[in-house]
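Content type compact mmCIF, C-alpha atoms and all ligand atoms, from the file target16.txt:
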# COMPACT_ATOMS: atom_id res chain seq x y z
CA MET A 1 4.30 -100.73 -50.38
CA SER A 2 0.89 -101.77 -51.65
CA GLY A 3 1.27 -105.46 -50.99
CA PRO A 4 1.13 -108.42 -53.35
CA GLY A 5 -1.05 -108.58 -56.45
CA ARG A 6 -1.39 -106.17 -59.31
CA THR A 7 -2.96 -102.72 -59.42
CA VAL A 8 -5.11 -102.03 -62.48
CA ALA A 9 -6.59 -98.73 -63.63
CA LEU A 10 -10.02 -99.39 -65.17
CA VAL A 11 -10.88 -96.42 -67.37
CA VAL A 12 -14.55 -96.02 -68.25
CA ALA A 13 -14.76 -94.43 -71.70
CA ALA A 14 -18.17 -95.79 -72.66
CA GLY A 15 -20.19 -92.58 -72.63
CA ALA A 16 -22.12 -91.41 -75.66
CA GLY A 17 -22.91 -87.99 -74.19
CA SER A 18 -22.45 -84.86 -76.25
CA ARG A 19 -23.32 -82.11 -73.79
CA ALA A 20 -20.02 -80.47 -74.72
CA GLY A 21 -21.68 -79.53 -78.00
CA GLY A 22 -20.12 -81.94 -80.50
CA ALA A 23 -21.63 -85.07 -81.99
CA LEU A 24 -18.56 -86.96 -80.81
CA ALA A 25 -18.60 -88.60 -77.37
CA LYS A 26 -16.46 -86.32 -75.21
CA GLN A 27 -13.82 -88.94 -74.33
CA PHE A 28 -12.88 -89.04 -78.03
CA ALA A 29 -13.04 -85.26 -78.51
CA PRO A 30 -9.88 -83.32 -79.34
CA LEU A 31 -8.17 -81.43 -76.53
CA ALA A 32 -4.90 -79.50 -76.87
CA GLY A 33 -3.53 -81.54 -79.76
CA GLU A 34 -4.58 -84.92 -78.33
CA THR A 35 -7.89 -86.54 -77.42
CA VAL A 36 -9.44 -86.52 -73.96
CA LEU A 37 -8.91 -90.30 -73.76
CA ALA A 38 -5.24 -90.03 -74.75
CA HIS A 39 -4.68 -87.43 -72.01
CA ALA A 40 -6.43 -89.72 -69.50
CA VAL A 41 -4.26 -92.70 -70.48
CA ASP A 42 -1.04 -90.65 -70.35
CA HIS A 43 -1.90 -89.22 -66.93
CA LEU A 44 -2.58 -92.65 -65.44
CA ARG A 45 0.97 -93.80 -66.05
CA HIS A 46 2.17 -94.17 -62.47
CA PRO A 47 4.88 -96.34 -60.91
CA GLN A 48 2.31 -98.25 -58.84
CA ILE A 49 -0.22 -98.85 -61.64
CA ASP A 50 0.67 -102.10 -63.39
CA GLU A 51 -1.92 -102.15 -66.13
CA LEU A 52 -4.56 -100.00 -67.75
CA GLN A 53 -7.85 -101.44 -69.03
CA LEU A 54 -10.34 -99.42 -71.05
CA VAL A 55 -14.09 -100.00 -71.14
CA ILE A 56 -15.89 -98.63 -74.21
CA ALA A 57 -19.43 -98.81 -75.56
CA PRO A 58 -20.37 -101.28 -78.31
CA GLY A 59 -19.34 -99.91 -81.71
CA GLN A 60 -16.69 -97.51 -80.34
CA GLU A 61 -13.70 -99.74 -81.23
CA ASP A 62 -12.53 -97.65 -84.21
CA LEU A 63 -13.05 -94.34 -82.39
CA CYS A 64 -11.06 -95.69 -79.46
CA ARG A 65 -8.18 -96.90 -81.64
CA ARG A 66 -7.97 -93.55 -83.42
CA ALA A 67 -8.19 -91.62 -80.12
CA LEU A 68 -5.23 -93.55 -78.67
CA GLY A 69 -2.83 -92.99 -81.59
CA ASN A 70 0.18 -95.26 -81.16
CA ARG A 71 -0.39 -96.00 -77.46
CA ALA A 72 -0.26 -99.77 -76.93
CA LEU A 73 -2.99 -101.02 -74.56
CA PRO A 74 -4.87 -104.30 -74.05
CA ALA A 75 -7.99 -104.58 -76.22
CA PRO A 76 -10.85 -102.58 -74.66
CA VAL A 77 -13.66 -104.34 -72.83
CA VAL A 78 -17.09 -103.60 -74.26
CA GLY A 79 -19.43 -102.12 -71.67
CA GLY A 80 -23.15 -102.32 -71.11
CA ALA A 81 -26.20 -100.06 -71.25
CA THR A 82 -25.36 -98.14 -68.05
CA ARG A 83 -22.18 -96.96 -66.40
CA GLN A 84 -22.64 -99.53 -63.63
CA GLN A 85 -22.95 -102.37 -66.17
CA SER A 86 -19.88 -101.09 -68.03
CA VAL A 87 -17.80 -101.09 -64.84
CA ARG A 88 -19.13 -104.53 -63.96
CA ASN A 89 -18.11 -105.88 -67.39
CA GLY A 90 -14.65 -104.40 -66.90
CA LEU A 91 -14.27 -105.91 -63.42
CA GLU A 92 -15.43 -109.32 -64.66
CA ALA A 93 -12.85 -109.20 -67.46
CA LEU A 94 -10.14 -108.41 -64.88
CA ALA A 95 -11.33 -111.25 -62.63
CA GLY A 96 -10.62 -113.68 -65.46
CA ARG A 97 -6.96 -112.69 -65.45
CA GLY A 98 -6.25 -113.39 -61.77
CA ASP A 99 -3.78 -111.70 -59.43
CA VAL A 100 -5.55 -108.31 -59.46
CA ALA A 101 -5.48 -106.96 -55.89
CA ARG A 102 -6.43 -103.31 -56.39
CA VAL A 103 -8.43 -101.41 -58.97
CA LEU A 104 -8.67 -97.68 -59.63
CA ILE A 105 -11.95 -97.02 -61.42
CA HIS A 106 -11.76 -93.81 -63.40
CA ASP A 107 -13.90 -91.75 -65.78
CA ALA A 108 -12.05 -90.82 -68.98
CA ALA A 109 -13.80 -87.43 -68.90
CA ARG A 110 -11.48 -86.45 -66.02
CA PRO A 111 -8.25 -86.78 -67.97
CA PHE A 112 -5.73 -84.96 -65.77
CA VAL A 113 -4.96 -87.34 -62.92
CA PRO A 114 -2.15 -86.01 -60.71
CA ASP A 115 0.28 -88.66 -59.44
CA ALA A 116 -0.21 -87.36 -55.89
CA VAL A 117 -3.91 -88.30 -55.91
CA VAL A 118 -3.03 -91.86 -56.94
CA ASP A 119 -0.43 -91.95 -54.15
CA ARG A 120 -3.02 -90.85 -51.57
CA LEU A 121 -5.64 -93.34 -52.80
CA LEU A 122 -3.30 -96.33 -52.71
CA ALA A 123 -2.02 -95.35 -49.27
CA ALA A 124 -5.61 -95.14 -47.95
CA LEU A 125 -6.41 -98.50 -49.50
CA GLU A 126 -3.96 -100.19 -47.14
CA GLN A 127 -6.34 -99.52 -44.23
CA ASN A 128 -9.69 -99.38 -46.07
CA GLU A 129 -11.65 -101.36 -48.62
CA GLY A 130 -12.15 -98.28 -50.75
CA ALA A 131 -10.92 -94.69 -51.07
CA VAL A 132 -12.18 -91.75 -53.11
CA PRO A 133 -10.82 -88.24 -53.80
CA VAL A 134 -13.07 -85.45 -52.55
CA LEU A 135 -13.05 -81.66 -52.51
CA PRO A 136 -14.95 -79.26 -50.29
CA LEU A 137 -17.68 -77.04 -51.75
CA ALA A 138 -17.01 -73.33 -52.02
CA ASP A 139 -20.44 -72.08 -53.11
CA SER A 140 -23.49 -71.82 -50.89
CA LEU A 141 -25.99 -74.58 -51.53
CA ALA A 142 -29.76 -74.40 -51.59
CA LEU A 143 -32.72 -76.34 -52.85
CA ALA A 144 -34.50 -74.93 -55.88
CA ASP A 145 -38.29 -75.08 -56.03
CA GLY A 146 -40.00 -74.79 -59.35
CA SER A 147 -41.54 -76.53 -62.28
CA PRO A 148 -39.26 -77.90 -64.98
CA GLY A 149 -38.48 -75.39 -67.72
CA ALA A 150 -38.99 -72.28 -65.63
CA ASP A 151 -36.34 -70.50 -63.57
CA PRO A 152 -36.99 -72.00 -60.15
CA MET A 153 -37.56 -70.04 -56.93
CA LEU A 154 -34.85 -70.39 -54.31
CA GLY A 155 -35.70 -72.84 -51.56
CA ASP A 156 -34.09 -73.69 -48.23
CA ALA A 157 -30.34 -73.45 -47.77
CA VAL A 158 -28.46 -76.73 -47.44
CA PRO A 159 -25.61 -76.73 -44.92
CA ARG A 160 -22.46 -77.43 -46.89
CA ASP A 161 -20.01 -78.17 -44.07
CA ARG A 162 -20.60 -81.92 -44.28
CA LEU A 163 -20.87 -82.07 -48.08
CA VAL A 164 -18.02 -82.90 -50.46
CA ARG A 165 -17.58 -83.22 -54.21
CA VAL A 166 -16.65 -86.80 -55.08
CA GLN A 167 -14.21 -87.34 -57.97
CA THR A 168 -12.53 -90.27 -59.67
CA PRO A 169 -10.30 -92.31 -59.77
CA GLN A 170 -11.87 -94.32 -56.98
CA ALA A 171 -9.68 -97.06 -55.50
CA PHE A 172 -10.93 -100.38 -54.18
CA ARG A 173 -9.68 -103.74 -53.09
CA PHE A 174 -10.53 -105.78 -56.14
CA PRO A 175 -12.49 -108.77 -54.71
CA ALA A 176 -14.62 -106.42 -52.58
CA ILE A 177 -15.66 -104.08 -55.40
CA LEU A 178 -16.22 -106.99 -57.81
CA SER A 179 -18.70 -108.63 -55.44
CA ALA A 180 -20.32 -105.24 -54.72
CA HIS A 181 -20.97 -104.73 -58.43
CA LEU A 182 -22.18 -108.30 -58.93
CA GLY A 183 -24.63 -107.82 -56.06
CA TRP A 184 -25.79 -104.28 -56.96
CA ALA A 185 -29.58 -104.03 -56.83
CA GLY A 186 -29.82 -100.23 -56.74
CA ALA A 187 -30.72 -97.73 -59.43
CA ALA A 188 -29.60 -98.53 -62.96
CA ASP A 189 -27.88 -95.16 -63.18
CA ALA A 190 -25.45 -95.42 -60.26
CA THR A 191 -23.13 -92.49 -60.99
CA ASP A 192 -20.08 -93.74 -59.15
CA ASP A 193 -18.57 -96.85 -57.65
CA ALA A 194 -18.31 -95.57 -54.10
CA GLN A 195 -22.11 -95.67 -54.05
CA VAL A 196 -22.07 -99.32 -55.17
CA ALA A 197 -19.35 -100.12 -52.61
CA ARG A 198 -21.18 -98.50 -49.71
CA ALA A 199 -24.42 -100.28 -50.61
CA ALA A 200 -22.50 -103.54 -50.17
CA GLY A 201 -21.29 -102.40 -46.73
CA LEU A 202 -17.72 -101.50 -47.72
CA ARG A 203 -15.88 -98.81 -45.80
CA VAL A 204 -14.83 -96.05 -48.18
CA ALA A 205 -12.25 -93.52 -47.00
CA THR A 206 -11.82 -90.04 -48.45
CA VAL A 207 -8.56 -88.45 -49.54
CA GLN A 208 -7.90 -84.95 -50.79
CA GLY A 209 -8.99 -84.52 -54.41
CA ASP A 210 -7.68 -82.04 -56.94
CA ASP A 211 -9.51 -79.52 -59.10
CA ARG A 212 -7.54 -80.76 -62.12
CA LEU A 213 -9.79 -83.83 -61.82
CA ASP A 214 -12.94 -81.87 -62.55
CA LYS A 215 -15.06 -83.57 -65.17
CA LEU A 216 -15.12 -82.18 -68.71
CA THR A 217 -18.82 -81.83 -69.44
CA PHE A 218 -19.65 -78.58 -71.21
CA ALA A 219 -17.89 -76.70 -74.01
CA GLU A 220 -16.65 -74.18 -71.40
CA ASP A 221 -14.91 -77.02 -69.52
CA PHE A 222 -12.94 -77.88 -72.66
CA GLU A 223 -11.98 -74.23 -73.19
CA ARG A 224 -10.83 -73.95 -69.58
CA ALA A 225 -8.80 -77.17 -69.90
CA GLU A 226 -7.17 -75.89 -73.12
CA ARG A 227 -6.22 -72.64 -71.38
CA ARG A 228 -4.88 -74.48 -68.37
CA ILE A 229 -2.73 -76.77 -70.51
CA ALA A 230 -1.42 -73.80 -72.52
CA SER A 231 -0.58 -71.77 -69.41
CA ALA A 232 0.98 -74.79 -67.72
CA MET A 233 3.52 -75.16 -70.52
CA THR A 234 7.10 -74.24 -69.70
CA SER A 235 9.21 -72.57 -72.35
CA CYS A 236 12.53 -74.37 -72.83
CA THR A 237 15.47 -73.40 -75.02
CA GLY A 238 17.88 -75.84 -76.64
CA LEU A 239 21.26 -75.07 -78.19
CA GLY A 240 22.93 -77.09 -80.93
CA PHE A 241 26.37 -76.85 -82.53
CA ASP A 242 28.00 -78.99 -85.20
CA VAL A 243 31.04 -79.01 -87.47
CA HIS A 244 31.88 -81.05 -90.54
CA ALA A 245 35.17 -80.96 -92.46
CA PHE A 246 35.41 -80.51 -96.20
CA THR A 247 36.40 -83.51 -98.28
CA ALA A 248 36.57 -84.33 -101.97
CA GLY A 249 33.24 -84.00 -103.74
CA ASP A 250 31.09 -81.86 -105.97
CA HIS A 251 28.13 -81.04 -103.68
CA LEU A 252 27.11 -80.81 -100.06
CA TRP A 253 23.86 -80.85 -98.06
CA LEU A 254 22.88 -77.86 -95.95
CA GLY A 255 19.47 -77.66 -94.32
CA GLY A 256 18.09 -80.38 -96.58
CA GLU A 257 19.26 -78.48 -99.68
CA ARG A 258 21.68 -80.07 -102.16
CA ILE A 259 24.20 -77.37 -103.02
CA ALA A 260 26.71 -77.78 -105.84
CA HIS A 261 30.20 -76.98 -104.55
CA GLU A 262 33.81 -77.80 -105.42
CA ARG A 263 34.07 -79.87 -102.22
CA GLY A 264 31.75 -82.04 -100.16
CA LEU A 265 31.42 -82.48 -96.38
CA ALA A 266 32.82 -85.53 -94.61
CA GLY A 267 30.47 -87.44 -92.32
CA HIS A 268 28.87 -90.75 -91.60
CA SER A 269 25.37 -89.61 -92.65
CA ASP A 270 24.77 -87.00 -95.34
CA ALA A 271 26.88 -84.61 -93.16
CA ASP A 272 24.16 -81.94 -93.13
CA VAL A 273 25.71 -79.73 -90.48
CA VAL A 274 22.63 -77.47 -90.33
CA LEU A 275 20.18 -80.28 -89.62
CA HIS A 276 22.59 -81.85 -87.10
CA ALA A 277 22.84 -78.60 -85.13
CA LEU A 278 19.06 -78.25 -85.34
CA THR A 279 18.52 -81.84 -84.11
CA ASP A 280 20.77 -81.17 -81.11
CA ALA A 281 18.92 -77.93 -80.34
CA LEU A 282 15.56 -79.76 -80.36
CA LEU A 283 16.90 -82.64 -78.25
CA GLY A 284 18.45 -80.12 -75.87
CA ALA A 285 15.18 -78.25 -75.43
CA CYS A 286 13.48 -81.41 -74.17
CA GLY A 287 16.50 -82.73 -72.25
CA ALA A 288 16.76 -85.83 -74.43
CA GLY A 289 20.52 -86.08 -74.85
CA ASP A 290 22.31 -85.42 -78.14
CA ILE A 291 22.27 -86.68 -81.70
CA GLY A 292 25.04 -89.20 -80.98
CA ASP A 293 22.91 -90.84 -78.26
CA HIS A 294 20.05 -91.38 -80.71
CA PHE A 295 22.01 -92.04 -83.91
CA PRO A 296 25.47 -93.39 -82.99
CA PRO A 297 27.97 -92.86 -85.83
CA SER A 298 29.10 -96.45 -85.17
CA ASP A 299 25.70 -97.75 -86.33
CA PRO A 300 25.77 -98.73 -90.03
CA ARG A 301 22.05 -97.88 -90.32
CA TRP A 302 22.87 -94.17 -90.43
CA ARG A 303 25.53 -94.46 -93.17
CA GLY A 304 24.58 -91.91 -95.80
CA ALA A 305 21.26 -91.31 -94.01
CA ALA A 306 19.24 -88.20 -94.84
CA SER A 307 19.53 -85.97 -91.78
CA SER A 308 15.89 -84.90 -92.17
CA GLY A 309 15.12 -88.18 -90.37
CA PHE A 310 17.15 -87.02 -87.34
CA VAL A 311 15.21 -83.75 -87.16
CA GLY A 312 11.93 -85.64 -87.57
CA HIS A 313 12.87 -87.96 -84.71
CA ALA A 314 13.64 -85.05 -82.37
CA ALA A 315 10.41 -83.26 -83.35
CA ALA A 316 8.43 -86.46 -82.74
CA LEU A 317 9.98 -86.78 -79.25
CA ILE A 318 8.75 -83.28 -78.42
CA ALA A 319 5.29 -83.97 -79.86
CA GLY A 320 5.16 -87.25 -77.93
CA ARG A 321 5.62 -85.31 -74.70
CA GLY A 322 2.76 -83.00 -75.60
CA GLY A 323 5.23 -80.22 -76.46
CA ARG A 324 5.17 -77.55 -79.18
CA ILE A 325 8.05 -76.09 -81.15
CA ASP A 326 7.65 -72.31 -81.19
CA HIS A 327 10.71 -71.14 -83.11
CA VAL A 328 14.13 -72.17 -84.41
CA ASP A 329 17.08 -70.01 -85.38
CA VAL A 330 20.18 -71.26 -87.22
CA THR A 331 23.51 -69.63 -88.03
CA ILE A 332 25.70 -71.24 -90.71
CA ILE A 333 29.39 -70.34 -90.38
CA CYS A 334 31.62 -70.67 -93.46
CA GLU A 335 33.51 -68.71 -96.12
CA ALA A 336 32.09 -70.79 -98.97
CA PRO A 337 29.75 -71.77 -100.47
CA ARG A 338 27.74 -68.57 -100.42
CA ILE A 339 24.63 -69.25 -98.34
CA GLY A 340 22.57 -66.20 -99.33
CA PRO A 341 21.10 -67.69 -102.52
CA HIS A 342 19.97 -70.83 -100.60
CA LYS A 343 18.62 -69.28 -97.39
CA GLU A 344 14.97 -69.21 -98.43
CA ALA A 345 15.06 -72.80 -99.72
CA ILE A 346 16.67 -74.00 -96.46
CA ARG A 347 14.10 -72.05 -94.46
CA ALA A 348 11.27 -73.68 -96.42
CA ASN A 349 12.80 -77.15 -95.89
CA VAL A 350 13.15 -76.66 -92.14
CA ALA A 351 9.66 -75.14 -91.84
CA HIS A 352 8.25 -78.15 -93.69
CA LEU A 353 10.18 -80.64 -91.54
CA LEU A 354 8.99 -79.04 -88.30
CA GLN A 355 5.51 -78.15 -89.60
CA LEU A 356 6.11 -74.54 -88.65
CA PRO A 357 5.15 -71.43 -90.61
CA PRO A 358 8.30 -70.03 -92.29
CA ALA A 359 8.03 -66.94 -90.08
CA ARG A 360 8.96 -69.19 -87.12
CA VAL A 361 12.17 -70.36 -88.82
CA SER A 362 15.25 -68.20 -89.13
CA ILE A 363 18.29 -69.11 -91.25
CA LYS A 364 21.32 -66.83 -91.05
CA ALA A 365 24.88 -67.07 -92.29
CA THR A 366 28.19 -65.49 -91.39
CA THR A 367 31.88 -65.86 -92.06
CA THR A 368 34.62 -65.69 -89.44
CA GLU A 369 36.60 -63.05 -91.38
CA ARG A 370 39.00 -65.74 -92.64
CA LEU A 371 39.97 -66.58 -89.05
CA GLY A 372 39.98 -70.07 -87.56
CA PHE A 373 39.10 -73.37 -89.24
CA THR A 374 36.07 -72.00 -91.04
CA GLY A 375 38.10 -68.99 -92.14
CA ARG A 376 40.78 -71.26 -93.58
CA GLY A 377 38.09 -73.13 -95.50
CA GLU A 378 38.60 -76.42 -93.64
CA GLY A 379 34.95 -77.02 -92.87
CA ILE A 380 31.52 -75.64 -92.06
CA ALA A 381 30.02 -75.02 -88.61
CA ALA A 382 26.40 -74.42 -87.67
CA GLN A 383 24.68 -73.21 -84.51
CA ALA A 384 20.98 -73.61 -83.77
CA VAL A 385 18.61 -72.47 -81.04
CA ALA A 386 15.18 -74.05 -80.57
CA THR A 387 12.42 -72.59 -78.40
CA VAL A 388 9.97 -75.24 -77.28
CA ARG A 389 7.01 -75.33 -74.90
CA LEU A 390 6.66 -78.48 -72.82
CA PRO A 391 3.83 -79.48 -70.47
CA GLU A 392 4.63 -79.27 -66.78
CA GLU A 393 5.27 -82.57 -65.07
CA LYS A 394 1.97 -83.89 -63.73
MG MG B 1 27.23 -83.80 -87.42
Show me this structure written as structure tokens.
Amino acid sequence: MSGPGRTVALVVAAGAGSRAGGALAKQFAPLAGETVLAHAVDHLRHPQIDELQLVIAPGQEDLCRRALGNRALPAPVVGGATRQQSVRNGLEALAGRGDVARVLIHDAARPFVPDAVVDRLLAALEQNEGAVPVLPLADSLALADGSPGADPMLGDAVPRDRLVRVQTPQAFRFPAILSAHLGWAGAADATDDAQVARAAGLRVATVQGDDRLDKLTFAEDFERAERRIASAMTSCTGLGFDVHAFTAGDHLWLGGERIAHERGLAGHSDADVVLHALTDALLGACGAGDIGDHFPPSDPRWRGAASSGFVGHAAALIAGRGGRIDHVDVTIICEAPRIGPHKEAIRANVAHLLQLPPARVSIKATTTERLGFTGRGEGIAAQAVATVRLPEEK
């Protein structure tokens, strides 16, 4: 719907500012288990954005790499002394690649970009050379008269009905904004690209912004963002169940614990019925299918595999979605071996695997009063429940 040519998000992460209180530039600062930059990158994944290009300041390469974790992105462009020069460097780098039709220029310090804002910007760009998200002002506005350093006296009121707060991302037709930046002769500290665009005579439309796009500047902004992320998490519960039959052997694996027993458990991997049920509970909590989807028994790679790897994979999936595991509860169902003497060791193993305090891990055991297949001693069953918090869809 947006016509030929590619759409690129140009993310400006070149600031050195530390008004948030830390020595670290705020785009690299930690926020709810990630960095501000990582949140920004994750939130700019959108079906109509083809590519993401970062612009950083000279010397920030290592910080940037660490802040992104395992996210694969093109090498960052190195910016200039001012924001306007940094954006210009980024646009010039894009020009060298050809076929860029649209660019969304965005400040990394506004990490939570809703998909709907991108939708509105790209729709507006079909009729206009530029489009920016704006919000109305709620507070009364007035001039302040006074000398620097002192609390100023209140001056004249400023009518607010024609004023808006301008956010990013700001969307432009690429050739138009490139030539606007190349021709910019205004102040060195242009604070946004709409200003550069309008100076070049471009028509810039407004679309509805979103208060999730507010810039993170002060320590209070980070605290508010942390609270918002925490309260926006949805609690999800996953259920897992698994059975393995006894076979000849002299030990079996339960919850990562090697237990001497007169029989072993049959299975393609190490047949750890506890960790299999737990893996399914974790996968279930994040709607990611079941253990067989991720580790097909037909695949020779998992022959004799330690099931701790399956649990680790499921936990990494949850972490990769910005989720948190709150609690797991397991019931082991068998007549023998006796589980009681091993419960604390299994609990410690699971707590270690999931990086949870042991108090958030429960391991229980029961028999079925000699009824059914577990009662007849044909195998062992395990049930698991995982409680997980996941971020709301953006
Ligand atoms: Mg199994």
Would you please work out which residue, of A:Arg162, A:Lys343, A:Arg321, A:Arg83, is nearest to Thr366 (chain A) when using all atoms listed in the file? A:Lys343
I need the residue nearest ligand MG 1 (chain B) from this list: A:Ile177, A:Val350, A:Val243, A:Ile333. Use only C-alpha atoms and all ligand atoms for the distance. A:Val243
Distance table requested - chain A against ligand MG 1 (chain B), cut-off 8 Å, all atoms listed in the file: one row per qualifying residue with the closest atom pair and its distance in Å to one decimal, ordered by chain and rising residue number, as a tab-separated table.
residue	atom	partner	partner_atom	distance
A:Asp242	CA	B:MG1	MG	5.4
A:Val243	CA	B:MG1	MG	6.1
A:His244	CA	B:MG1	MG	6.2
A:Gly267	CA	B:MG1	MG	6.9
A:Ala271	CA	B:MG1	MG	5.8
A:Asp272	CA	B:MG1	MG	6.7
A:Val273	CA	B:MG1	MG	5.3
A:His276	CA	B:MG1	MG	5.0
A:Ala277	CA	B:MG1	MG	7.2
Would you mind exporting C-alpha atoms of the selected residues as a compact mmCIF listing (two decimals), in the frame of the given file?
# COMPACT_ATOMS: atom_id res chain seq x y z
CA ASP A 242 28.00 -78.99 -85.20
CA VAL A 243 31.04 -79.01 -87.47
CA HIS A 244 31.88 -81.05 -90.54
CA GLY A 267 30.47 -87.44 -92.32
CA ALA A 271 26.88 -84.61 -93.16
CA ASP A 272 24.16 -81.94 -93.13
CA VAL A 273 25.71 -79.73 -90.48
CA HIS A 276 22.59 -81.85 -87.10
CA ALA A 277 22.84 -78.60 -85.13
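CA of Ala381 (chain A) lies 20.2 Å from CA of Ala314 (chain A).
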Contacts of region 346-348 of chain A at 8 Å or less, counting all atoms listed in the file, minus same-chain residues fewer than 6 places along, as JSON, numbers by chain? {"A": [254, 255, 256, 257, 358, 361, 362, 363]}
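Closest to Ala188 (chain A) among A:Ala81, A:Ala29, A:Ala116, A:Ala16 is A:Ala81, based on all atoms listed in the file.
Counting from CA of Val36 (chain A), the distance to CA of Pro111 (chain A) is 6.1 Å.
The space between CA of Thr206 (chain A) and CA of Ile56 (chain A) spans 27.5 Å.
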For region 202-271 of chain A against region 132-137 of chain A, with a cut-off of 7 Å and counting all atoms listed in the file, what is the closest atom pair and its distance in Å to one decimal for every residue that makes the cut, ordered by chain and number, as JSON lines?
{"residue": "A:Ala205", "atom": "CA", "partner": "A:Val132", "partner_atom": "CA", "distance": 6.4}
{"residue": "A:Thr206", "atom": "CA", "partner": "A:Val132", "partner_atom": "CA", "distance": 5.0}
{"residue": "A:Val207", "atom": "CA", "partner": "A:Pro133", "partner_atom": "CA", "distance": 4.8}
{"residue": "A:Gln208", "atom": "CA", "partner": "A:Pro133", "partner_atom": "CA", "distance": 5.3}
{"residue": "A:Gly209", "atom": "CA", "partner": "A:Pro133", "partner_atom": "CA", "distance": 4.2}
{"residue": "A:Asp210", "atom": "CA", "partner": "A:Leu135", "partner_atom": "CA", "distance": 7.0}
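Candidate residues A:Glu220, A:Asp115, A:Glu344, A:Asp299 were compared for distance to His43 (chain A), and the nearest is A:Asp115, using all atoms listed in the file.
The residue that comes closest to Pro114 (chain A), out of A:Pro152, A:Asp221, A:Leu37, A:Asp214 and on the basis of only C-alpha atoms, is A:Asp214.
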Trp302 (chain A) surroundings by all atoms listed in the file, 9 Å radius, close-in-sequence under 6 positions cut, as a PyMOL selection string: chain A and resi 268-270+295-296
Residues at most 9 Å from Leu122 (chain A), counting all atoms listed in the file, excluding those fewer than 3 positions away in the same chain, as a list in words? Ser2, Gln48, Arg102, Leu104, Val117, Val118, Asp119, Leu125, Glu126, Ala131, Ala171 and Phe172 of chain A
Gln53 (chain A): which residues within 7 Å, counting all atoms listed in the file, same-chain residues fewer than 6 positions away excluded, as a tab-separated table (two decimals) with C-alpha atoms, keeping the file's coordinate frame?
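The result, stored in selection.tsv:
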chain	number	residue	atom	x	y	z
A	9	ALA	CA	-6.59	-98.73	-63.63
A	10	LEU	CA	-10.02	-99.39	-65.17
A	11	VAL	CA	-10.88	-96.42	-67.37
A	74	PRO	CA	-4.87	-104.30	-74.05
A	76	PRO	CA	-10.85	-102.58	-74.66
Could you give me, as a list in words, the residues within 12 Å of Ala187 (chain A), counting only C-alpha atoms and dropping anything in the same chain fewer than 2 positions from it? Thr82, Arg83, Gln84, Gln85, Trp184, Ala185, Asp189, Ala190, Thr191, Asp192, Gln195, Val196 and Ala199 of chain A
